[in-house]
There are 2 protein chains.
Amino acid sequence: MTNSDPDSQHEIEPRQRLLDAATELFAERAFKEVSIREICEKAGGANVASVNYYFRDKAGLYRELLESMLARWEAERERHAKLVEGKTPEEKLYLYVRWFIGNILEERADERDMLFGRILNREMADPSPDFILIVQKGMVPNWMRLMTIVAEVAGLAEGSQAVLLCTHSTMGQCLMYGSARRLSKYFGPPEMQFTPEIIDGIARQVTQFSLAGIRAIAQSTRELGAAGKAGSGCSGTPPEE
Amino acid sequence: MTNSDPDSQHEIEPRQRLLDAATELFAERAFKEVSIREICEKAGGANVASVNYYFRDKAGLYRELLESMLARWEAERERHAKLVEGKTPEEKLYLYVRWFIGNILEERADERDMLFGRILNREMADPSPDFILIVQKGMVPNWMRLMTIVAEVAGLAEGSQAVLLCTHSTMGQCLMYGSARRLSKYFGPPEMQFTPEIIDGIARQVTQFSLAGIRAIAQSTRELGAAGKAGSGCSGTPPEE
DNA sequence: GACAATCTAAAACAGATGTTTTATATATAT
DNA sequence: ATATATATAAAACATCTGTTTTAGATTGTC
């Protein structure tokens, strides 16, 4: 901590520099796609052996990076959950969707801390050996939070099949727009920008779409539930309305 | 074509054997993750140099495999489009969703031709150098077909922003359940089976959810359209209902 | 100042990958 | 039958990967 240089740019601990460089790279590309040499170069020309020195091996670096990232995300998730308390279920749904999509899409050039959404999204596409960790500490709690909100909107029990499927459908839309960033260079206009306003619009669309979807499923579930059948199979009626 | 051996298993042209083996492997793992040596071994112990002999290089093999696959899929897409003609928009939506999800999830042990859905889904997660080809000849026409159906359901013009976004939302759900296969080994019960009945249920759920979503968006779009504002930004109202 | 622990640097290593070369069969045509 | 094109096989090659080794520098402490 004897770091008081004016031009401190180059004076941060190399260990941290490696972690920072790796975080940015792993947010864009999969574990296997990023080489140690590339990380070291991005970390200001560190030696290739330094990763092994500080983190034992490449997997150790990734693991440590993941764990601090997951911890920070847990805090951020709880912060946002608190922030949403007391709102109506509909508002909660919008705020959740906006928050989640924002975590994947939003450009935060300055905050390197805020890349967990990207890493999570990328891991969904192309899982690393540590994917189980990410599922347990990252995806599942996140999914549960959405499920709670969906259950509120639907007015159904949190564990019910209908709520589970509605959660999947809502999450699916979020992840779809999440992938849009990775894929935008192939699809749409080149250099597409995801400004906060664009993301607002996407979140509103997804929310409105999902609200209607959830209510429709909830209603038909209640109608079916009024008869004898419990939630064994899949809810939903064939296409004839 | 002098191939009339009784035990023909081993007597197919090695070129085709390589294509077949590669197809199965690339349906599960990305281009970079599958090695030439692995393909050759699966193709009944072909020589490692045979890929370069027949296809110039690994990329050539993949390319050829992709092109025949895309051609077959185009045929299959048109077949299904014909099959759906004359149905109601709601039925069309269900049949499309069922068809598309089925192409990704369904187990077709015998038909190696029918793996394009998997390859497409995998490419979405982890694009190869030929991804642009897949987008143009595979994804876009497929997306357009869904968009046409969504426009019918919504009763809106095919090019409108609302229809575009609803198409994304519907497609997002399909792709989400598509990923479920790749990710099921981490998430749910081990060795989860996607039987036709399960897929039916998923497709019904997605259809019902999307129908309600599309109608909600369509209605609020029409209401907004009744005022002066044309479809510039994003449709959808803030969460207060 | 000397010693030890810590850190950095360069090179070497082992494994895997795609590709090329070389050699040798096998068929086909003249 | 001989020559030419085609097909197979094994080995060698070049490159990239993560890792280890070896040596050298830096730092802190007695």
# chains A, B, ... in the order shown; residues from 1 in each chain; ligands from 1
call {"tool": "residues_around", "arguments": {"residues": "A:Glu67", "least_positions_apart": "3", "cutoff": "12 Å", "atoms": "only C-alpha atoms (C1' of nucleotides)", "output": "list in words"}}
result
Leu19, Thr23, Gly60, Leu61, Tyr62, Arg63, Glu64, Leu70, Ala71, Arg72, Trp73, Glu74, Phe116, Ile119, Asp130, Phe131, Leu133, Ile134, Gln136, Lys137 and Gly138 of chain A
call {"tool": "closest_atom_pairs", "arguments": {"of": "chain D", "to": "stretch 4-16 of chain C", "cutoff": "8 Å", "atoms": "only C-alpha atoms (C1' of nucleotides)", "output": "Markdown table"}}
result
| residue | atom | partner | partner_atom | distance |
| --- | --- | --- | --- | --- |
| D:DT17 | C1' | C:DA16 | C1' | 7.6 |
| D:DT20 | C1' | C:DC13 | C1' | 7.2 |
| D:DT21 | C1' | C:DA12 | C1' | 7.4 |
| D:DG24 | C1' | C:DA9 | C1' | 7.7 |
| D:DA25 | C1' | C:DT8 | C1' | 7.0 |
| D:DT26 | C1' | C:DC7 | C1' | 7.0 |
| D:DT27 | C1' | C:DT6 | C1' | 7.1 |
call {"tool": "write_last_selection", "arguments": {"atoms": "C-alpha atoms (C1' of nucleotides)", "output": "PDB file, in the first residue's frame"}}
result
ATOM      1  C1'  DT D  17      -1.214 -23.474 -25.845  1.00  0.00           C
ATOM      2  C1'  DT D  20       7.919 -25.289 -15.422  1.00  0.00           C
ATOM      3  C1'  DT D  21      12.544 -24.199 -14.885  1.00  0.00           C
ATOM      4  C1'  DG D  24      18.381 -12.609 -12.048  1.00  0.00           C
ATOM      5  C1'  DA D  25      16.603  -8.572  -9.750  1.00  0.00           C
ATOM      6  C1'  DT D  26      14.333  -6.253  -5.916  1.00  0.00           C
ATOM      7  C1'  DT D  27      12.875  -5.689  -1.353  1.00  0.00           C
TER       8       DT D  27
END
call {"tool": "closest_atom_pairs", "arguments": {"of": "chain B", "to": "chain C", "cutoff": "10 Å", "atoms": "only C-alpha atoms (C1' of nucleotides)", "output": "tab-separated table"}}
result
residue	atom	partner	partner_atom	distance
B:Lys32	CA	C:DT17	C1'	9.8
B:Ser35	CA	C:DT17	C1'	7.3
B:Ile36	CA	C:DG18	C1'	7.8
B:Arg37	CA	C:DT17	C1'	9.0
B:Val48	CA	C:DG18	C1'	9.8
B:Ala49	CA	C:DT19	C1'	8.2
B:Asn52	CA	C:DT19	C1'	7.7
B:Arg56	CA	C:DT19	C1'	9.7
B:Asp57	CA	C:DT19	C1'	8.0
B:Lys58	CA	C:DG18	C1'	7.7
call {"tool": "write_last_selection", "arguments": {"atoms": "N, CA and C atoms", "output": "mmCIF file, in the first residue's frame"}}
result
data_model
loop_
_atom_site.group_PDB
_atom_site.id
_atom_site.type_symbol
_atom_site.label_atom_id
_atom_site.label_comp_id
_atom_site.auth_asym_id
_atom_site.auth_seq_id
_atom_site.Cartn_x
_atom_site.Cartn_y
_atom_site.Cartn_z
ATOM 1 N N LYS B 32 -14.068 -24.706 -33.219
ATOM 2 C CA LYS B 32 -12.709 -24.768 -32.683
ATOM 3 C C LYS B 32 -12.529 -25.886 -31.669
ATOM 4 N N SER B 35 -11.537 -31.400 -33.038
ATOM 5 C CA SER B 35 -10.281 -31.538 -33.761
ATOM 6 C C SER B 35 -10.433 -32.465 -34.959
ATOM 7 N N ILE B 36 -9.600 -32.225 -35.937
ATOM 8 C CA ILE B 36 -9.579 -33.076 -37.116
ATOM 9 C C ILE B 36 -9.345 -34.531 -36.743
ATOM 10 N N ARG B 37 -8.440 -34.733 -35.825
ATOM 11 C CA ARG B 37 -8.140 -36.111 -35.423
ATOM 12 C C ARG B 37 -9.370 -36.807 -34.841
ATOM 13 N N VAL B 48 -5.534 -38.644 -40.669
ATOM 14 C CA VAL B 48 -5.676 -37.220 -40.345
ATOM 15 C C VAL B 48 -5.541 -36.327 -41.565
ATOM 16 N N ALA B 49 -4.777 -36.773 -42.540
ATOM 17 C CA ALA B 49 -4.558 -35.938 -43.716
ATOM 18 C C ALA B 49 -5.741 -35.977 -44.683
ATOM 19 N N ASN B 52 -7.738 -32.757 -45.204
ATOM 20 C CA ASN B 52 -7.080 -31.789 -46.092
ATOM 21 C C ASN B 52 -7.121 -32.250 -47.539
ATOM 22 N N ARG B 56 -9.558 -29.601 -48.590
ATOM 23 C CA ARG B 56 -8.562 -28.544 -48.555
ATOM 24 C C ARG B 56 -8.108 -28.248 -47.147
ATOM 25 N N ASP B 57 -9.055 -27.906 -46.263
ATOM 26 C CA ASP B 57 -8.707 -27.722 -44.855
ATOM 27 C C ASP B 57 -9.944 -27.934 -43.984
ATOM 28 N N LYS B 58 -9.760 -27.769 -42.710
ATOM 29 C CA LYS B 58 -10.856 -28.002 -41.768
ATOM 30 C C LYS B 58 -12.026 -27.078 -42.051
#
call {"tool": "interface_residues", "arguments": {"of": "chain D", "to": "chain B", "cutoff": "12 Å", "atoms": "only C-alpha atoms (C1' of nucleotides)", "output": "MDAnalysis selection string"}}
result
chainID D and resid 6:11
call {"tool": "interface_residues", "arguments": {"of": "chain B", "to": "chain A", "cutoff": "9 Å", "atoms": "only C-alpha atoms", "output": "VMD selection string"}}
result
chain B and resid 88 90 to 95 122 124 to 127 131 to 132 135 to 136 162 165 to 166 168 to 177 179 183 186 to 187 198 200 to 202 204 to 217 233 to 241
